[in-house]
Amino acid sequence: MKSMLLSGALLAGAIALGVLTAGGSGGSAASDAERARRAQVGAQDEWESRSVWACDRRKLVVVEGVRPGEKIPPERAQLVADVLMDLMRFCNEEITARISVDQVITVAANGRVFENYVVGGPLPIVNASFGEPTAREQAIWKAELDKVVAEGDRLFHSDELGSNGVACAMCHPNASNTHPESYPKFQTQLKKVALLRDMVNWCIQNPLEGRALAVDDPRIEALEAYILSQRKGKALEAGKH
Ligand code: HEC
């Protein structure tokens, strides 16, 4: 009797398992439709958290209660920006803040959590690293820039951007008359408001008879770096003709 009960239970279990397996591996059309319907109803009620980084990629704000695929509403987006800019006081620190649905701000930094934070309020965070770049950092950054400018200088004096042997420097010695400080401005040749790189490309195509470079091509970046470095100290005058 006992063994019969046991085997009966086992059998029932096996049937249940079989049903589950069948449902999981394929399923009927009806249950698929039901699943899709439930997923849709769920999505409508769903809220998610959205992460927004400051441009330094060290300060992060997590905003709770945003609808999937929607923008953060203007007032909350402004609060996100205010919190991020406020945390920039702690220049090199990695700080995460969370804004709850009822706008309560919690800040986490250096493994500590501060509740009910108010923008502009005191935060007991010690700035572990110095805000000013070190001499070593500055030397490295300058060396990197010098390399790009040197490459731009080389290209500006070379005929490799074009097909007819002409180089930029033949008409613009030391980048004279390139007026990078006057961009953006309307250029009649291009019939639109142009950035410096648009004009560089135009000149590659026209006097040099070359092919325009992609806007993120390291060569166009180098040419811009060279032209701008030659006009260092010049006041910006966007739109000047
Ligand atoms: C054959 C001579 C010649 C060559 C070669 C040449 N340019 Fe020019 N470039 C000109 C002239 C002429 C103008 C028009 C100046 C003006 O409108 O005041 C000009 C205008 C420009 C401008 C816009 C200046 C402004 O005032 O807005 C830029 C930038 C420029 N050139 C960059 C270059 C670059 C980069 C190269 C090489 C890819 C190059 N040019 C090659 C003659 C040349």
# chains A, B, ... in the order shown; residues from 1 in each chain; ligands from 1
>>> residues_near_ligand(ligand="ligand 1", cutoff="9 Å", atoms="only C-alpha atoms and all ligand atoms", output="MDAnalysis selection string")
chainID A and resid 155:159 161:162 166:172 175:183 185 187 195:208 210 220 223:224 227 240:241
>>> residues_around(residues="A:Glu64", least_positions_apart="6", cutoff="9 Å", atoms="only C-alpha atoms", output="list in words")
Trp47, Glu48, Ser49, Arg50, Ser51, Arg98, Ile99, Ser100, Val101 and Gln103 of chain A
>>> residues_around(residues="stretch 106-115 of chain A", least_positions_apart="4", cutoff="12 Å", atoms="only C-alpha atoms", output="count of residues only")
32
>>> atom_distance(atom1="atom CA of A:Ala225", atom2="atom CA of A:Gln138")
17.6 Å
>>> closest_residue(among="A:Cys91, A:Cys55, A:Val149, A:Leu213", to="A:Pro133", atoms="only C-alpha atoms")
A:Cys91
>>> atom_distance(atom1="atom CA of A:Asn116", atom2="atom CA of A:Arg76")
16.3 Å
>>> select_by_dssp(residues="stretch 153-189 of chain A", states="alpha helix (DSSP H)", output="ChimeraX atom specification")
/A:153-156,168-171
>>> atom_distance(atom1="atom CA of A:Arg89", atom2="atom CA of A:Val52")
17.4 Å
